Structure formats: C-alpha cells, structure tokens
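Participant: Below is the file start-v2.cif, with mmCIF, N, CA and C atoms.
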data_work
#
loop_
_atom_site.label_atom_id
_atom_site.label_comp_id
_atom_site.auth_asym_id
_atom_site.auth_seq_id
_atom_site.Cartn_x
_atom_site.Cartn_y
_atom_site.Cartn_z
N MET R 1426 14.47 -8.76 -6.37
CA MET R 1426 13.39 -8.09 -5.71
C MET R 1426 13.29 -8.61 -4.29
N GLY R 1427 13.12 -7.73 -3.35
CA GLY R 1427 13.13 -8.14 -1.96
C GLY R 1427 11.75 -8.35 -1.37
N ASN R 1428 11.68 -9.25 -0.43
CA ASN R 1428 10.49 -9.51 0.35
C ASN R 1428 10.90 -9.65 1.80
N CYS R 1429 10.03 -9.29 2.71
CA CYS R 1429 10.25 -9.56 4.13
C CYS R 1429 9.19 -10.54 4.56
N PHE R 1430 9.61 -11.56 5.29
CA PHE R 1430 8.69 -12.60 5.71
C PHE R 1430 8.39 -12.59 7.20
N ARG R 1431 9.23 -11.95 7.97
CA ARG R 1431 8.99 -11.91 9.41
C ARG R 1431 9.65 -10.66 9.98
N LYS R 1432 9.20 -10.30 11.15
CA LYS R 1432 9.78 -9.14 11.82
C LYS R 1432 11.17 -9.49 12.32
N GLU R 1433 12.17 -8.74 11.90
CA GLU R 1433 13.55 -9.06 12.24
C GLU R 1433 14.03 -8.37 13.51
N TYR R 1434 13.50 -7.20 13.78
CA TYR R 1434 13.88 -6.49 14.99
C TYR R 1434 12.71 -5.62 15.42
N ALA R 1435 12.59 -5.40 16.72
CA ALA R 1435 11.37 -4.82 17.26
C ALA R 1435 11.44 -3.32 17.53
N ASP R 1436 12.58 -2.79 17.86
CA ASP R 1436 12.64 -1.42 18.35
C ASP R 1436 13.18 -0.45 17.32
N GLU R 1437 12.91 -0.67 16.08
CA GLU R 1437 13.40 0.19 15.01
C GLU R 1437 12.54 1.46 14.93
N ASP R 1438 13.15 2.55 14.60
CA ASP R 1438 12.46 3.83 14.41
C ASP R 1438 11.52 3.74 13.22
N ASP R 1439 10.27 4.15 13.39
CA ASP R 1439 9.27 4.10 12.32
C ASP R 1439 9.26 5.36 11.48
N SER R 1440 10.32 6.16 11.51
CA SER R 1440 10.32 7.44 10.83
C SER R 1440 10.18 7.31 9.31
N ASP R 1441 10.47 6.14 8.75
CA ASP R 1441 10.32 5.98 7.31
C ASP R 1441 8.88 6.18 6.87
N TYR R 1442 7.91 5.95 7.75
CA TYR R 1442 6.52 6.16 7.38
C TYR R 1442 6.18 7.64 7.25
N LYS R 1443 7.01 8.50 7.82
CA LYS R 1443 6.75 9.93 7.72
C LYS R 1443 6.81 10.42 6.29
N ILE R 1444 7.58 9.75 5.44
CA ILE R 1444 7.66 10.16 4.04
C ILE R 1444 6.30 10.09 3.37
N PHE R 1445 5.46 9.14 3.80
CA PHE R 1445 4.14 9.00 3.20
C PHE R 1445 3.26 10.20 3.51
N MET R 1446 3.43 10.79 4.68
CA MET R 1446 2.58 11.89 5.08
C MET R 1446 2.87 13.16 4.28
N GLU R 1447 4.02 13.22 3.66
CA GLU R 1447 4.39 14.40 2.89
C GLU R 1447 3.83 14.37 1.48
N LYS R 1448 3.31 13.24 1.07
CA LYS R 1448 2.84 13.08 -0.30
C LYS R 1448 1.35 12.76 -0.29
N ASN R 1449 0.90 12.15 -1.37
CA ASN R 1449 -0.50 11.82 -1.55
C ASN R 1449 -0.79 10.39 -1.08
N VAL R 1450 -0.14 9.96 -0.01
CA VAL R 1450 -0.31 8.62 0.54
C VAL R 1450 -0.99 8.74 1.89
N GLN R 1451 -1.96 7.87 2.12
CA GLN R 1451 -2.72 7.92 3.37
C GLN R 1451 -2.44 6.67 4.19
N PHE R 1452 -2.13 6.87 5.45
CA PHE R 1452 -1.80 5.76 6.35
C PHE R 1452 -3.08 5.25 6.99
N VAL R 1453 -3.33 3.96 6.86
CA VAL R 1453 -4.53 3.33 7.44
C VAL R 1453 -4.14 2.73 8.78
N LYS R 1454 -4.74 3.26 9.85
CA LYS R 1454 -4.34 2.82 11.19
C LYS R 1454 -5.31 1.84 11.83
N ASP R 1455 -6.53 1.73 11.25
CA ASP R 1455 -7.50 0.78 11.79
C ASP R 1455 -8.59 0.48 10.76
N GLN R 1456 -9.43 -0.47 11.10
CA GLN R 1456 -10.49 -0.93 10.19
C GLN R 1456 -11.43 0.21 9.80
N LYS R 1457 -11.75 1.08 10.73
CA LYS R 1457 -12.64 2.20 10.45
C LYS R 1457 -12.05 3.11 9.38
N VAL R 1458 -10.78 3.45 9.50
CA VAL R 1458 -10.12 4.29 8.50
C VAL R 1458 -10.11 3.59 7.14
N TRP R 1459 -9.83 2.29 7.14
CA TRP R 1459 -9.86 1.51 5.89
C TRP R 1459 -11.23 1.65 5.20
N GLU R 1460 -12.28 1.42 5.95
CA GLU R 1460 -13.63 1.49 5.40
C GLU R 1460 -13.95 2.90 4.89
N GLU R 1461 -13.51 3.91 5.63
CA GLU R 1461 -13.73 5.30 5.19
C GLU R 1461 -13.01 5.58 3.87
N LYS R 1462 -11.76 5.14 3.77
CA LYS R 1462 -10.97 5.40 2.55
C LYS R 1462 -11.53 4.64 1.35
N ILE R 1463 -11.96 3.41 1.56
CA ILE R 1463 -12.55 2.63 0.47
C ILE R 1463 -13.87 3.26 0.03
N SER R 1464 -14.69 3.68 0.97
CA SER R 1464 -15.97 4.34 0.65
C SER R 1464 -15.74 5.65 -0.10
N GLU R 1465 -14.78 6.42 0.36
CA GLU R 1465 -14.44 7.69 -0.29
C GLU R 1465 -13.97 7.46 -1.74
N ALA R 1466 -13.13 6.47 -1.92
CA ALA R 1466 -12.65 6.14 -3.27
C ALA R 1466 -13.81 5.69 -4.15
N ARG R 1467 -14.72 4.90 -3.60
CA ARG R 1467 -15.89 4.43 -4.35
C ARG R 1467 -16.75 5.62 -4.80
N ARG R 1468 -17.02 6.54 -3.88
CA ARG R 1468 -17.83 7.72 -4.20
C ARG R 1468 -17.19 8.57 -5.29
N GLU R 1469 -15.86 8.65 -5.26
CA GLU R 1469 -15.13 9.48 -6.22
C GLU R 1469 -14.75 8.72 -7.49
N GLY R 1470 -15.10 7.43 -7.55
CA GLY R 1470 -14.78 6.63 -8.72
C GLY R 1470 -13.30 6.37 -8.90
N LYS R 1471 -12.57 6.32 -7.79
CA LYS R 1471 -11.12 6.13 -7.85
C LYS R 1471 -10.73 4.69 -7.54
N THR R 1472 -9.63 4.28 -8.15
CA THR R 1472 -9.02 2.99 -7.87
C THR R 1472 -8.06 3.16 -6.70
N VAL R 1473 -7.97 2.13 -5.86
CA VAL R 1473 -7.11 2.16 -4.68
C VAL R 1473 -5.90 1.26 -4.89
N VAL R 1474 -4.73 1.77 -4.52
CA VAL R 1474 -3.51 0.98 -4.45
C VAL R 1474 -3.22 0.83 -2.95
N ALA R 1475 -3.30 -0.40 -2.46
CA ALA R 1475 -3.10 -0.66 -1.04
C ALA R 1475 -1.76 -1.35 -0.83
N ASN R 1476 -0.90 -0.71 -0.06
CA ASN R 1476 0.46 -1.19 0.21
C ASN R 1476 0.49 -1.77 1.62
N PHE R 1477 0.52 -3.11 1.72
CA PHE R 1477 0.68 -3.76 3.01
C PHE R 1477 2.17 -3.85 3.28
N SER R 1478 2.60 -3.15 4.33
CA SER R 1478 4.00 -2.90 4.57
C SER R 1478 4.33 -3.08 6.04
N ALA R 1479 5.60 -2.94 6.36
CA ALA R 1479 6.04 -2.99 7.76
C ALA R 1479 7.21 -2.03 7.94
N SER R 1480 7.22 -1.33 9.05
CA SER R 1480 8.26 -0.31 9.28
C SER R 1480 9.66 -0.91 9.38
N TRP R 1481 9.76 -2.15 9.79
CA TRP R 1481 11.06 -2.81 9.98
C TRP R 1481 11.57 -3.50 8.71
N CYS R 1482 10.78 -3.53 7.67
CA CYS R 1482 11.08 -4.29 6.45
C CYS R 1482 11.96 -3.48 5.50
N GLY R 1483 13.16 -3.97 5.23
CA GLY R 1483 14.09 -3.28 4.34
C GLY R 1483 13.52 -3.01 2.96
N PRO R 1484 12.97 -4.00 2.26
CA PRO R 1484 12.39 -3.75 0.94
C PRO R 1484 11.23 -2.73 0.99
N CYS R 1485 10.47 -2.75 2.09
CA CYS R 1485 9.38 -1.77 2.24
C CYS R 1485 9.96 -0.35 2.32
N ARG R 1486 11.06 -0.22 3.03
CA ARG R 1486 11.72 1.08 3.16
C ARG R 1486 12.26 1.56 1.82
N VAL R 1487 12.75 0.62 1.02
CA VAL R 1487 13.24 0.97 -0.31
C VAL R 1487 12.08 1.46 -1.18
N MET R 1488 10.92 0.83 -1.04
CA MET R 1488 9.77 1.18 -1.88
C MET R 1488 9.06 2.45 -1.43
N ALA R 1489 9.21 2.84 -0.17
CA ALA R 1489 8.46 3.97 0.39
C ALA R 1489 8.62 5.26 -0.42
N PRO R 1490 9.83 5.71 -0.74
CA PRO R 1490 9.94 6.95 -1.51
C PRO R 1490 9.35 6.82 -2.92
N TYR R 1491 9.53 5.66 -3.52
CA TYR R 1491 9.00 5.43 -4.86
C TYR R 1491 7.47 5.42 -4.85
N TYR R 1492 6.90 4.78 -3.85
CA TYR R 1492 5.44 4.73 -3.70
C TYR R 1492 4.89 6.16 -3.54
N SER R 1493 5.60 6.97 -2.77
CA SER R 1493 5.20 8.37 -2.60
C SER R 1493 5.27 9.13 -3.92
N GLU R 1494 6.34 8.90 -4.69
CA GLU R 1494 6.46 9.54 -6.00
C GLU R 1494 5.31 9.15 -6.91
N LEU R 1495 4.97 7.87 -6.91
CA LEU R 1495 3.86 7.39 -7.74
C LEU R 1495 2.55 8.06 -7.34
N SER R 1496 2.38 8.28 -6.05
CA SER R 1496 1.14 8.92 -5.58
C SER R 1496 1.01 10.34 -6.12
N GLU R 1497 2.13 11.00 -6.30
CA GLU R 1497 2.13 12.35 -6.86
C GLU R 1497 1.93 12.31 -8.38
N MET R 1498 2.47 11.29 -9.03
CA MET R 1498 2.36 11.15 -10.48
C MET R 1498 0.95 10.75 -10.91
N TYR R 1499 0.24 10.04 -10.04
CA TYR R 1499 -1.09 9.51 -10.37
C TYR R 1499 -2.12 9.93 -9.32
N PRO R 1500 -2.48 11.21 -9.30
CA PRO R 1500 -3.43 11.69 -8.29
C PRO R 1500 -4.86 11.16 -8.50
N SER R 1501 -5.11 10.53 -9.65
CA SER R 1501 -6.43 9.96 -9.88
C SER R 1501 -6.62 8.64 -9.13
N LEU R 1502 -5.57 8.14 -8.51
CA LEU R 1502 -5.64 6.92 -7.71
C LEU R 1502 -5.51 7.27 -6.24
N VAL R 1503 -6.00 6.38 -5.39
CA VAL R 1503 -5.87 6.54 -3.94
C VAL R 1503 -4.77 5.59 -3.48
N PHE R 1504 -3.74 6.11 -2.83
CA PHE R 1504 -2.61 5.32 -2.35
C PHE R 1504 -2.72 5.18 -0.83
N LEU R 1505 -2.82 3.93 -0.37
CA LEU R 1505 -2.93 3.64 1.06
C LEU R 1505 -1.75 2.81 1.52
N VAL R 1506 -1.39 2.96 2.79
CA VAL R 1506 -0.38 2.13 3.43
C VAL R 1506 -1.02 1.50 4.67
N ILE R 1507 -0.86 0.18 4.77
CA ILE R 1507 -1.36 -0.56 5.92
C ILE R 1507 -0.17 -1.24 6.58
N ASP R 1508 0.10 -0.92 7.84
CA ASP R 1508 1.19 -1.55 8.58
C ASP R 1508 0.70 -2.91 9.07
N VAL R 1509 1.33 -3.97 8.60
CA VAL R 1509 0.88 -5.32 8.92
C VAL R 1509 1.02 -5.65 10.40
N ASP R 1510 1.90 -4.96 11.10
CA ASP R 1510 2.05 -5.20 12.53
C ASP R 1510 0.96 -4.48 13.32
N GLU R 1511 0.63 -3.27 12.92
CA GLU R 1511 -0.42 -2.52 13.61
C GLU R 1511 -1.80 -3.07 13.30
N MET R 1512 -1.95 -3.65 12.11
CA MET R 1512 -3.25 -4.20 11.70
C MET R 1512 -3.08 -5.68 11.34
N ASN R 1513 -2.55 -6.41 12.29
CA ASN R 1513 -2.21 -7.82 12.06
C ASN R 1513 -3.41 -8.66 11.66
N GLU R 1514 -4.47 -8.59 12.42
CA GLU R 1514 -5.66 -9.40 12.13
C GLU R 1514 -6.25 -9.02 10.77
N PHE R 1515 -6.37 -7.72 10.52
CA PHE R 1515 -6.89 -7.25 9.23
C PHE R 1515 -6.01 -7.73 8.09
N SER R 1516 -4.71 -7.61 8.24
CA SER R 1516 -3.78 -8.03 7.19
C SER R 1516 -3.89 -9.51 6.89
N SER R 1517 -4.12 -10.32 7.92
CA SER R 1517 -4.24 -11.76 7.71
C SER R 1517 -5.45 -12.10 6.86
N THR R 1518 -6.49 -11.27 6.90
CA THR R 1518 -7.66 -11.53 6.05
C THR R 1518 -7.35 -11.29 4.58
N TRP R 1519 -6.25 -10.59 4.29
CA TRP R 1519 -5.83 -10.33 2.92
C TRP R 1519 -4.74 -11.31 2.48
N ASP R 1520 -4.47 -12.31 3.29
CA ASP R 1520 -3.51 -13.36 2.95
C ASP R 1520 -2.12 -12.79 2.66
N ILE R 1521 -1.66 -11.94 3.56
CA ILE R 1521 -0.33 -11.34 3.43
C ILE R 1521 0.69 -12.29 4.04
N HIS R 1522 1.64 -12.75 3.21
CA HIS R 1522 2.69 -13.65 3.67
C HIS R 1522 4.07 -13.03 3.57
N ALA R 1523 4.17 -11.90 2.88
CA ALA R 1523 5.44 -11.19 2.73
C ALA R 1523 5.14 -9.71 2.51
N THR R 1524 6.09 -8.88 2.85
CA THR R 1524 5.92 -7.45 2.62
C THR R 1524 7.08 -6.95 1.77
N PRO R 1525 6.83 -5.94 0.98
CA PRO R 1525 5.53 -5.32 0.75
C PRO R 1525 4.65 -6.18 -0.17
N THR R 1526 3.34 -6.03 0.02
CA THR R 1526 2.35 -6.63 -0.87
C THR R 1526 1.39 -5.53 -1.27
N PHE R 1527 1.17 -5.42 -2.58
CA PHE R 1527 0.31 -4.36 -3.13
C PHE R 1527 -0.96 -4.98 -3.71
N PHE R 1528 -2.11 -4.38 -3.36
CA PHE R 1528 -3.39 -4.77 -3.92
C PHE R 1528 -3.96 -3.59 -4.70
N PHE R 1529 -4.75 -3.89 -5.71
CA PHE R 1529 -5.36 -2.89 -6.58
C PHE R 1529 -6.87 -3.11 -6.55
N LEU R 1530 -7.60 -2.10 -6.06
CA LEU R 1530 -9.02 -2.27 -5.78
C LEU R 1530 -9.87 -1.21 -6.48
N LYS R 1531 -11.02 -1.64 -6.96
CA LYS R 1531 -12.03 -0.71 -7.50
C LYS R 1531 -13.34 -1.09 -6.84
N ASP R 1532 -14.01 -0.11 -6.26
CA ASP R 1532 -15.25 -0.37 -5.51
C ASP R 1532 -15.04 -1.42 -4.42
N GLY R 1533 -13.85 -1.43 -3.84
CA GLY R 1533 -13.54 -2.35 -2.75
C GLY R 1533 -13.22 -3.76 -3.19
N VAL R 1534 -13.18 -4.00 -4.50
CA VAL R 1534 -12.94 -5.33 -5.04
C VAL R 1534 -11.60 -5.34 -5.77
N GLN R 1535 -10.85 -6.41 -5.60
CA GLN R 1535 -9.56 -6.55 -6.26
C GLN R 1535 -9.75 -6.61 -7.77
N VAL R 1536 -9.01 -5.75 -8.50
CA VAL R 1536 -9.16 -5.67 -9.96
C VAL R 1536 -7.92 -6.14 -10.72
N ALA R 1537 -6.87 -6.47 -10.01
CA ALA R 1537 -5.65 -6.98 -10.64
C ALA R 1537 -4.97 -7.91 -9.64
N ASP R 1538 -4.11 -8.77 -10.15
CA ASP R 1538 -3.37 -9.66 -9.26
C ASP R 1538 -2.55 -8.85 -8.27
N LYS R 1539 -2.45 -9.37 -7.05
CA LYS R 1539 -1.61 -8.70 -6.07
C LYS R 1539 -0.16 -8.79 -6.52
N LEU R 1540 0.62 -7.83 -6.07
CA LEU R 1540 2.05 -7.78 -6.36
C LEU R 1540 2.80 -7.93 -5.05
N VAL R 1541 3.63 -8.96 -4.97
CA VAL R 1541 4.40 -9.22 -3.76
C VAL R 1541 5.86 -8.90 -4.03
N GLY R 1542 6.44 -8.06 -3.17
CA GLY R 1542 7.86 -7.75 -3.27
C GLY R 1542 8.13 -6.33 -3.74
N ALA R 1543 9.38 -5.95 -3.61
CA ALA R 1543 9.83 -4.59 -3.93
C ALA R 1543 10.23 -4.53 -5.41
N ASN R 1544 9.26 -4.60 -6.28
CA ASN R 1544 9.49 -4.63 -7.72
C ASN R 1544 8.98 -3.32 -8.32
N LYS R 1545 9.83 -2.32 -8.37
CA LYS R 1545 9.44 -0.99 -8.85
C LYS R 1545 8.92 -1.01 -10.28
N PRO R 1546 9.61 -1.66 -11.22
CA PRO R 1546 9.10 -1.65 -12.60
C PRO R 1546 7.72 -2.29 -12.72
N GLU R 1547 7.49 -3.38 -12.00
CA GLU R 1547 6.19 -4.05 -12.09
C GLU R 1547 5.09 -3.22 -11.43
N LEU R 1548 5.41 -2.55 -10.33
CA LEU R 1548 4.43 -1.69 -9.69
C LEU R 1548 4.02 -0.57 -10.64
N LEU R 1549 4.99 0.04 -11.29
CA LEU R 1549 4.69 1.08 -12.27
C LEU R 1549 3.84 0.52 -13.42
N THR R 1550 4.17 -0.65 -13.91
CA THR R 1550 3.40 -1.28 -14.99
C THR R 1550 1.95 -1.49 -14.57
N ARG R 1551 1.75 -2.01 -13.38
CA ARG R 1551 0.38 -2.27 -12.90
C ARG R 1551 -0.40 -0.97 -12.76
N ILE R 1552 0.24 0.05 -12.20
CA ILE R 1552 -0.45 1.33 -12.00
C ILE R 1552 -0.76 1.97 -13.35
N THR R 1553 0.18 1.96 -14.26
CA THR R 1553 -0.03 2.51 -15.59
C THR R 1553 -1.18 1.78 -16.27
N SER R 1554 -1.23 0.49 -16.15
CA SER R 1554 -2.31 -0.30 -16.74
C SER R 1554 -3.67 0.08 -16.16
N LEU R 1555 -3.71 0.30 -14.86
CA LEU R 1555 -4.96 0.71 -14.22
C LEU R 1555 -5.42 2.07 -14.74
N VAL R 1556 -4.49 2.99 -14.84
CA VAL R 1556 -4.83 4.34 -15.31
C VAL R 1556 -5.25 4.29 -16.78
N ASP R 1557 -4.52 3.55 -17.59
CA ASP R 1557 -4.85 3.44 -19.02
C ASP R 1557 -6.20 2.77 -19.26
N SER R 1558 -6.58 1.84 -18.40
CA SER R 1558 -7.85 1.14 -18.58
C SER R 1558 -9.04 2.05 -18.26
N ARG R 1559 -8.80 3.13 -17.55
CA ARG R 1559 -9.87 4.07 -17.20
C ARG R 1559 -10.12 5.09 -18.30
N THR R 1560 -9.18 5.24 -19.23
CA THR R 1560 -9.34 6.27 -20.27
C THR R 1560 -9.82 5.68 -21.57
#
Spell out the structure here as structure tokens.

Facilitator:
Amino acid sequence: MGNCFRKEYADEDDSDYKIFMEKNVQFVKDQKVWEEKISEARREGKTVVANFSASWCGPCRVMAPYYSELSEMYPSLVFLVIDVDEMNEFSSTWDIHATPTFFFLKDGVQVADKLVGANKPELLTRITSLVDSRT
C-alpha cells in the first residue's frame, strides 16, 4: 500500500482531480466550503468520507478512480477531497502526515479510525461498515 510523505515535484498537471468532478465527489477548496459540506451532510443525516490527498501523489492518483467509483456505489455518503497543498493549514489540524488519508465523519465528528494509504480493500471495508451500521 502506498503513501506519499512529501511533495516530490511542483509543476505536475492537476488533471487527475478532474475525475472527481465527473462523479459524486466534491472538491473542498477552502474552510468555508468544508463547513458548508459538513453542515449539509449533518442536515441530511449523511456520513462524510474525507479524502486528504495531493495532486502530485502517486498513490492518491491510483485511488482517485476507485474513490469516484465508491461515491457512485454509495450515494448515501458524502465524498469529499481536500488537497493538502491548497489547504495546508487546515490539513495540519487533522494531523495529516501522509497521503492519501481518509477520515469518516458523522455530524462533523470522527466515527471510525482514519485510514492512511492507498488501501482499496480496507477503504471498501470501512465504507461498507459505515453503511451497514446505518441500517
């Protein structure tokens, strides 16, 4: 399972994030958007899957299409992407040391252990567990 710990190159094309816009994934570009998405999920009684990622991170790029597929498979959840470089200060408050890092939130509160790394089977297990616990 892969993790990225630091930015390896600066001028890479961010086009991999475009895949998220085609699915049920929402890109969080600032604190205001984060608060809006968390509030919206709270009002709708939805659990949030927050993907702290980076456009330059190889494992993040590997996970991007899978994360998008999961968003389509589980529309009862809210799937967010936070770019750790664009929201560096915000990301540091979440104790992000490697990307990708996934958090699972209900009413803005973490409801499961964070998942660090590009571990597709474990991400599916965590999401399935969240969905099953709601039924």

Participant: Using only N, CA and C atoms, determine which residues lie at most 5 Å from Val1506 in chain R, disregarding the query and same-chain residues fewer than 4 positions distant; provide the list as a ChimeraX atom specification.

Facilitator: /R:1451-1453,1476

Participant: Identify which of the residues R:Glu1547, R:Asp1557, R:Ser1517, R:Thr1524 lies closest to Arg1486 in chain R, counting all atoms listed in the file when measuring atom-to-atom distances.

Facilitator: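 Of the candidates, the smallest distance to Arg1486 in chain R is held by R:Thr1524.
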
Participant: What separation in Å, quoted to one decimal, exists between atom N of Leu1548 in chain R and CA of Ser1501 in chain R?

Facilitator: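 Answer for the atom N of Leu1548 in chain R to CA of Ser1501 in chain R separation: 17.2 Å.
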
Participant: Quote the spacing between atom N of Gly1542 in chain R and atom N of Asn1449 in chain R in Å to one decimal place.

Facilitator: 21.0 Å

Participant: Step by step, work through what the PyMOL selection byres ((chain R and resi 1458-1469) around 8) selects in the shown file, and finish by giving those residues as a PDB file with N, CA and C atoms, in the coordinates of the input.

Facilitator:
ATOM      1  N   PHE R1452      -2.130   6.870   5.450  1.00  0.00           N
ATOM      2  CA  PHE R1452      -1.800   5.760   6.350  1.00  0.00           C
ATOM      3  C   PHE R1452      -3.080   5.250   6.990  1.00  0.00           C
ATOM      4  N   VAL R1453      -3.330   3.960   6.860  1.00  0.00           N
ATOM      5  CA  VAL R1453      -4.530   3.330   7.440  1.00  0.00           C
ATOM      6  C   VAL R1453      -4.140   2.730   8.780  1.00  0.00           C
ATOM      7  N   LYS R1454      -4.740   3.260   9.850  1.00  0.00           N
ATOM      8  CA  LYS R1454      -4.340   2.820  11.190  1.00  0.00           C
ATOM      9  C   LYS R1454      -5.310   1.840  11.830  1.00  0.00           C
ATOM     10  N   ASP R1455      -6.530   1.730  11.250  1.00  0.00           N
ATOM     11  CA  ASP R1455      -7.500   0.780  11.790  1.00  0.00           C
ATOM     12  C   ASP R1455      -8.590   0.480  10.760  1.00  0.00           C
ATOM     13  N   GLN R1456      -9.430  -0.470  11.100  1.00  0.00           N
ATOM     14  CA  GLN R1456     -10.490  -0.930  10.190  1.00  0.00           C
ATOM     15  C   GLN R1456     -11.430   0.210   9.800  1.00  0.00           C
ATOM     16  N   LYS R1457     -11.750   1.080  10.730  1.00  0.00           N
ATOM     17  CA  LYS R1457     -12.640   2.200  10.450  1.00  0.00           C
ATOM     18  C   LYS R1457     -12.050   3.110   9.380  1.00  0.00           C
ATOM     19  N   GLY R1470     -15.100   7.430  -7.550  1.00  0.00           N
ATOM     20  CA  GLY R1470     -14.780   6.630  -8.720  1.00  0.00           C
ATOM     21  C   GLY R1470     -13.300   6.370  -8.900  1.00  0.00           C
ATOM     22  N   LYS R1471     -12.570   6.320  -7.790  1.00  0.00           N
ATOM     23  CA  LYS R1471     -11.120   6.130  -7.850  1.00  0.00           C
ATOM     24  C   LYS R1471     -10.730   4.690  -7.540  1.00  0.00           C
ATOM     25  N   THR R1472      -9.630   4.280  -8.150  1.00  0.00           N
ATOM     26  CA  THR R1472      -9.020   2.990  -7.870  1.00  0.00           C
ATOM     27  C   THR R1472      -8.060   3.160  -6.700  1.00  0.00           C
ATOM     28  N   VAL R1473      -7.970   2.130  -5.860  1.00  0.00           N
ATOM     29  CA  VAL R1473      -7.110   2.160  -4.680  1.00  0.00           C
ATOM     30  C   VAL R1473      -5.900   1.260  -4.890  1.00  0.00           C
ATOM     31  N   LEU R1502      -5.570   8.140  -8.510  1.00  0.00           N
ATOM     32  CA  LEU R1502      -5.640   6.920  -7.710  1.00  0.00           C
ATOM     33  C   LEU R1502      -5.510   7.270  -6.240  1.00  0.00           C
ATOM     34  N   VAL R1503      -6.000   6.380  -5.390  1.00  0.00           N
ATOM     35  CA  VAL R1503      -5.870   6.540  -3.940  1.00  0.00           C
ATOM     36  C   VAL R1503      -4.770   5.590  -3.480  1.00  0.00           C
ATOM     37  N   LYS R1531     -11.020  -1.640  -6.960  1.00  0.00           N
ATOM     38  CA  LYS R1531     -12.030  -0.710  -7.500  1.00  0.00           C
ATOM     39  C   LYS R1531     -13.340  -1.090  -6.840  1.00  0.00           C
ATOM     40  N   ASP R1532     -14.010  -0.110  -6.260  1.00  0.00           N
ATOM     41  CA  ASP R1532     -15.250  -0.370  -5.510  1.00  0.00           C
ATOM     42  C   ASP R1532     -15.040  -1.420  -4.420  1.00  0.00           C
ATOM     43  N   GLY R1533     -13.850  -1.430  -3.840  1.00  0.00           N
ATOM     44  CA  GLY R1533     -13.540  -2.350  -2.750  1.00  0.00           C
ATOM     45  C   GLY R1533     -13.220  -3.760  -3.190  1.00  0.00           C
TER      46      GLY R1533
END

Participant: Per DSSP on the backbone, filter chain R down to the residues in strand (DSSP E) and report them as a PyMOL selection string.

Facilitator: chain R and resi 1450-1453+1472-1478+1502-1508+1526-1531+1534-1541

Participant: Output N, CA and C atoms for every residue in the selection just made, as a short mmCIF file (atom, residue, chain, number, x, y, z; two decimals), keeping the file's coordinate frame.

Facilitator:
data_model
loop_
_atom_site.label_atom_id
_atom_site.label_comp_id
_atom_site.auth_asym_id
_atom_site.auth_seq_id
_atom_site.Cartn_x
_atom_site.Cartn_y
_atom_site.Cartn_z
N VAL R 1450 -0.14 9.96 -0.01
CA VAL R 1450 -0.31 8.62 0.54
C VAL R 1450 -0.99 8.74 1.89
N GLN R 1451 -1.96 7.87 2.12
CA GLN R 1451 -2.72 7.92 3.37
C GLN R 1451 -2.44 6.67 4.19
N PHE R 1452 -2.13 6.87 5.45
CA PHE R 1452 -1.80 5.76 6.35
C PHE R 1452 -3.08 5.25 6.99
N VAL R 1453 -3.33 3.96 6.86
CA VAL R 1453 -4.53 3.33 7.44
C VAL R 1453 -4.14 2.73 8.78
N THR R 1472 -9.63 4.28 -8.15
CA THR R 1472 -9.02 2.99 -7.87
C THR R 1472 -8.06 3.16 -6.70
N VAL R 1473 -7.97 2.13 -5.86
CA VAL R 1473 -7.11 2.16 -4.68
C VAL R 1473 -5.90 1.26 -4.89
N VAL R 1474 -4.73 1.77 -4.52
CA VAL R 1474 -3.51 0.98 -4.45
C VAL R 1474 -3.22 0.83 -2.95
N ALA R 1475 -3.30 -0.40 -2.46
CA ALA R 1475 -3.10 -0.66 -1.04
C ALA R 1475 -1.76 -1.35 -0.83
N ASN R 1476 -0.90 -0.71 -0.06
CA ASN R 1476 0.46 -1.19 0.21
C ASN R 1476 0.49 -1.77 1.62
N PHE R 1477 0.52 -3.11 1.72
CA PHE R 1477 0.68 -3.76 3.01
C PHE R 1477 2.17 -3.85 3.28
N SER R 1478 2.60 -3.15 4.33
CA SER R 1478 4.00 -2.90 4.57
C SER R 1478 4.33 -3.08 6.04
N LEU R 1502 -5.57 8.14 -8.51
CA LEU R 1502 -5.64 6.92 -7.71
C LEU R 1502 -5.51 7.27 -6.24
N VAL R 1503 -6.00 6.38 -5.39
CA VAL R 1503 -5.87 6.54 -3.94
C VAL R 1503 -4.77 5.59 -3.48
N PHE R 1504 -3.74 6.11 -2.83
CA PHE R 1504 -2.61 5.32 -2.35
C PHE R 1504 -2.72 5.18 -0.83
N LEU R 1505 -2.82 3.93 -0.37
CA LEU R 1505 -2.93 3.64 1.06
C LEU R 1505 -1.75 2.81 1.52
N VAL R 1506 -1.39 2.96 2.79
CA VAL R 1506 -0.38 2.13 3.43
C VAL R 1506 -1.02 1.50 4.67
N ILE R 1507 -0.86 0.18 4.77
CA ILE R 1507 -1.36 -0.56 5.92
C ILE R 1507 -0.17 -1.24 6.58
N ASP R 1508 0.10 -0.92 7.84
CA ASP R 1508 1.19 -1.55 8.58
C ASP R 1508 0.70 -2.91 9.07
N THR R 1526 3.34 -6.03 0.02
CA THR R 1526 2.35 -6.63 -0.87
C THR R 1526 1.39 -5.53 -1.27
N PHE R 1527 1.17 -5.42 -2.58
CA PHE R 1527 0.31 -4.36 -3.13
C PHE R 1527 -0.96 -4.98 -3.71
N PHE R 1528 -2.11 -4.38 -3.36
CA PHE R 1528 -3.39 -4.77 -3.92
C PHE R 1528 -3.96 -3.59 -4.70
N PHE R 1529 -4.75 -3.89 -5.71
CA PHE R 1529 -5.36 -2.89 -6.58
C PHE R 1529 -6.87 -3.11 -6.55
N LEU R 1530 -7.60 -2.10 -6.06
CA LEU R 1530 -9.02 -2.27 -5.78
C LEU R 1530 -9.87 -1.21 -6.48
N LYS R 1531 -11.02 -1.64 -6.96
CA LYS R 1531 -12.03 -0.71 -7.50
C LYS R 1531 -13.34 -1.09 -6.84
N VAL R 1534 -13.18 -4.00 -4.50
CA VAL R 1534 -12.94 -5.33 -5.04
C VAL R 1534 -11.60 -5.34 -5.77
N GLN R 1535 -10.85 -6.41 -5.60
CA GLN R 1535 -9.56 -6.55 -6.26
C GLN R 1535 -9.75 -6.61 -7.77
N VAL R 1536 -9.01 -5.75 -8.50
CA VAL R 1536 -9.16 -5.67 -9.96
C VAL R 1536 -7.92 -6.14 -10.72
N ALA R 1537 -6.87 -6.47 -10.01
CA ALA R 1537 -5.65 -6.98 -10.64
C ALA R 1537 -4.97 -7.91 -9.64
N ASP R 1538 -4.11 -8.77 -10.15
CA ASP R 1538 -3.37 -9.66 -9.26
C ASP R 1538 -2.55 -8.85 -8.27
N LYS R 1539 -2.45 -9.37 -7.05
CA LYS R 1539 -1.61 -8.70 -6.07
C LYS R 1539 -0.16 -8.79 -6.52
N LEU R 1540 0.62 -7.83 -6.07
CA LEU R 1540 2.05 -7.78 -6.36
C LEU R 1540 2.80 -7.93 -5.05
N VAL R 1541 3.63 -8.96 -4.97
CA VAL R 1541 4.40 -9.22 -3.76
C VAL R 1541 5.86 -8.90 -4.03
#
